[in-house]
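Take a look at the structure below.
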Amino acid sequence: MKRLVLMGGGTEGLETLAHAVRQQEATVAMIVDPDPAALVFRLEELGYRFADAFAIPLGRTLDALRDLDGLDLVVDATSDRALRRALVEVAQGVPVIGSASARLLWALQEAPPHERPALSLKRAKPVFDQIDVSTPGELTYTIAETARVVGDADVVRLLRWDEGRQRLVPIGTRGGPSAVSSAALRVARDRRKVAASGEDRSAGWLLEEDGAKAVLAAPIQSEDDFLGVLELRRTERYGAFAPEAETWLDEFAPHLVRPLKKLRTLREVRDAAQGEAMRREIKALLAGDQPIRAKLHRAVETIAAILQATGVHLYVRDPQNDDALLQASTTIRVDNAGTVRIALGVGLIGEVTQFNRSLFLREEGLAGDPSPAGSARGLAAVPLSTGRNAVGVFLVETPAAVEVTPRLLTLLAEIGEILGGSIASDAERRKMSQKVMKLSVVNEEGLQLLALTDREKVVMTGAAATGMILDAEAVILRVRERRGARLLVGGTYGLHRDDVDATLVHLDQAIAARIGESRAFVRSDRLEEFGVALPQDFPYRSVVAGPLLAGDQVVGTVGAYNKLIYQSFACGAFDQDDQDILEKFSFYLGRALVQAQEFHDRQALITIDEITGLKNRRYLDIRLPEEIRRAERYQRKVSLLIMEVMRFEEISRAFTAQGRDELVRVLAGMVRETFRNVDILARIDGARFAVVMPDTGDRISDVLERLTHALMTFRLKSPDGKTLEVKLAVGTGTYPGEAASVQELFDRAERLTPLEAIESP
């Protein structure tokens, strides 16, 4: 028993209902009409009602159809085209026909079999002519069902001839799977009727596909214009089709010429309008001022709307490793480029990217699948072509209602070229503008580096600037030892003290060693090639690194690293532009390092006492205020100790001028061995020395005790070999407890007292 829904509750609907309820093989599940004033809702007002045997539910919206299961047919008894289009969307997969078509089919079913051929020839043509072919499902359903009822067939197939591809395309099937049989191919080849049955051994091969017992197929043609094939098959009953059926088919097929021509003309007009609309929309969209990614999102939405596609997805080729990266989609949420990645040559998308050619796949139904003709979905993958290469792919998922023709594929290829050209141009403009901008930043940052005199600041600023300029996630800047060959880490950017970055430092060491030997830049997104064992989940993927040169000497190296490989349409893996930029910036880095070292050396000559090698009074005057500011900033203490050899003039009389210098050097050695590495030692003049002690604070007594012990073990001999007694006078002061300024600290520390007088409490 077939379940149907009647759309329309007006006079036409009720008249159609009268015919429907007489059908023994059909039942009306519901009457639906969005018009609240429809006659069916006012029957009781007029004194009428349905008989109890025909109590039929009423629906006021199309949504009522969504709750009905097992529908076989929808009969539209309205004349509203908009409603028909909406109905087709809501009742997907269910045939929708008009009331005239329904009445024709019901009349044929009610008529005795021997009267059906004449009745169909009389009534079918006017019905076919009035069917709105803008929704072709009704026409093909009515033709196929008419042939099934009149021809007493189990399966009927209506196929149109595709002149472009020179093949038959199923457009309407009743009673069995949609397919192109050997019999239909024979009709298309010979342009004449084919009749065969299992009793005819010579034609048995025409029945092999589905085990049919008999077949009858006739061409649909007008003079030399071949339009298609109408095929009848018996799969459940034995016996050839009667001669009367062959005669009827010969007379019925010409009635289909005009409808099929109307379908062909409509398809051509639609294709032309569709193509023009898509070209116009896409070109206008790409000519706008929006960013390219926003344009691509709108482009896929536009393509999906015009083609009525289920989904459209756009992938752009990664310039570094040729992977296809999803950039826009109508159904897949893309938060970051690179979220969906397809390797070159892998799958449909990877193959289209690699070979720069369109591919189309259509879903095949299973044997015995009763899906109507055209119910198979399709998948078209089209390259975003720029001539010989593809910069990406866009994928179109076509629903059952969309037939993918050569004309459509040609249109999609043209759209692919338009999109590909726009993407390539935008990527090139983006790269050029970025390179120009980065080169400008290189010059600005480089000049600032050259203005620095502190080597530590040069290293730290240079590492941070490299990361900013190259959009790098991590940077390691190494500096060569002054008296060695090792390249030691001087500054980093973006690193943390974890196992991953410890591995990165180890990797950078191997890369720096290679650079130190070759003095050449390296760029790679295969980090395993540098001979360091990397963990499987190591996140860094790409490196660009090079030497820092001073003349022909390598004074350091700089390496930039990235983890994720994505960046709009230019990959986050470093490219040749990044290497060019780093080469220019490395010139500034190397020069700044050398200048800072030279400045340090000059300052050392000015601030170092030439006799002892300790710092001099000038350096002390510079450094002590810095230490006080640091102590104030971090809320710490800093102490100043001044010591002087008592009776030094008397002791030194026994020495020559050269001997006195040696005597001062010996005393300086004793001072150097007594104090910490972090303490700042300076010779003020003669045998007077100063020591700046950060973070000593209240432990100044420990310092004096250590100094007393050093003096007890110190031995100084005169030129004649006699041991000279050396005593020290010492003064101390601590900031901020005992002094509030540099001058107060000096004044307090210069109050000298013999060491033996203060060594015990």
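Just remember, in the structure tokens the first chain shown is A, the second B, etc., residues are 1-based per chain, and ligands are 1-based in the order shown.
If you count only C-alpha atoms and ignore residues fewer than 2 places along the chain from Lys262 of chain A, what sits within 12 Å of it is Phe128, Asp129, Gln130, Ile131, Asp132, Val133, Ser134, Thr135, Pro136, Leu139, Leu227, Leu256, Val257, Arg258, Pro259, Leu260, Arg264, Thr265, Leu266, Arg267, Glu268, Val269 and Arg270 of chain A.
The list of residues with at least one atom within 10 Å of Asp508 of chain A, based on only C-alpha atoms and without residues fewer than 4 positions apart in the same chain, reads Val475, Ile476, Leu477, Arg478, Val489, Ala502, Thr503, Leu504, Ala512, Ala513, Arg514, Phe530, Val532, Val543, Ala545, Thr557, Val558, Gly559, Ala560 and Tyr561 of chain A.
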- Query: Which polymer residues have any atom within 9 Å of an atom of Tyr540 of chain A, counting only C-alpha atoms, with same-chain residues fewer than 3 positions away left out, as a list in words?
  - Reply: Glu473, Val500, Leu504, Asp525, Leu527, Val543, Tyr561, Asn562, Lys563 and Leu564 of chain A
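Near Gly13 of chain A, within 10 Å and counting only C-alpha atoms, sit Leu6, Met7, Gly8, Gly9, Gly10, Thr16, Leu17, Ala18, Ile31, Val32, Asp33, Ala38, Leu39, Val40, Val75, Asp76, Ala77, Thr78 and Ser99 of chain A; same-chain residues fewer than 3 positions away were not included.
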- Message: as a count of residues only, please: every residue in segment 19-230 of chain A that a backbone DSSP assignment puts in strand (DSSP E).
- Response: 51
- Query: Counting only C-alpha atoms, what is within 6 Å of segment 414-425 of chain A, bar same-chain residues fewer than 3 positions away, as a VMD selection string?
  - Reply: chain A and resid 383 to 386 411 428
Could you write out the selected residues, including C-alpha atoms, as a PDB file, in the first residue's frame?
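Writing the result to selection_12.pdb gives the following:
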ATOM      1  CA  PRO A 383      42.544  22.549  -9.296  1.00  0.00           C
ATOM      2  CA  LEU A 384      43.113  26.215  -8.532  1.00  0.00           C
ATOM      3  CA  SER A 385      45.281  26.419 -11.594  1.00  0.00           C
ATOM      4  CA  THR A 386      47.828  29.061 -12.567  1.00  0.00           C
ATOM      5  CA  LEU A 411      32.821  26.079 -15.674  1.00  0.00           C
ATOM      6  CA  GLU A 428      53.017  37.190  -4.285  1.00  0.00           C
TER       7      GLU A 428
END
- Message: Which residues are close to Gln743 of chain A, i.e. within 12 Å by only C-alpha atoms, leaving aside same-chain residues fewer than 2 positions away? Reply as a ChimeraX atom specification.
- Response: /A:621,624-625,628,640,733-735,738-741,745-750
Please produce an output containing C-alpha atoms for each residue in the selection, written as a PDB file, in the first residue's frame.
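Output file result.pdb is given in full below:
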ATOM      1  CA  ASP A 621      83.286  55.891  40.382  1.00  0.00           C
ATOM      2  CA  LEU A 624      79.551  51.938  42.596  1.00  0.00           C
ATOM      3  CA  PRO A 625      76.514  54.127  41.715  1.00  0.00           C
ATOM      4  CA  ILE A 628      73.663  51.142  44.670  1.00  0.00           C
ATOM      5  CA  LEU A 640      82.298  49.181  50.350  1.00  0.00           C
ATOM      6  CA  GLY A 733      80.336  51.073  55.025  1.00  0.00           C
ATOM      7  CA  THR A 734      77.051  49.465  53.961  1.00  0.00           C
ATOM      8  CA  TYR A 735      74.178  50.881  51.913  1.00  0.00           C
ATOM      9  CA  GLU A 738      75.027  53.065  57.199  1.00  0.00           C
ATOM     10  CA  ALA A 739      74.913  55.390  54.205  1.00  0.00           C
ATOM     11  CA  ALA A 740      72.184  56.851  52.035  1.00  0.00           C
ATOM     12  CA  SER A 741      74.307  57.890  49.030  1.00  0.00           C
ATOM     13  CA  LEU A 745      79.365  55.478  51.601  1.00  0.00           C
ATOM     14  CA  PHE A 746      82.806  56.710  50.502  1.00  0.00           C
ATOM     15  CA  ASP A 747      83.106  59.030  53.500  1.00  0.00           C
ATOM     16  CA  ARG A 748      82.321  56.211  55.939  1.00  0.00           C
ATOM     17  CA  ALA A 749      84.624  53.653  54.282  1.00  0.00           C
ATOM     18  CA  GLU A 750      87.529  56.117  54.219  1.00  0.00           C
TER      19      GLU A 750
END
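As for atom CA of Asp661 of chain A and atom CA of Glu610 of chain A, they are spaced 10.2 Å apart.
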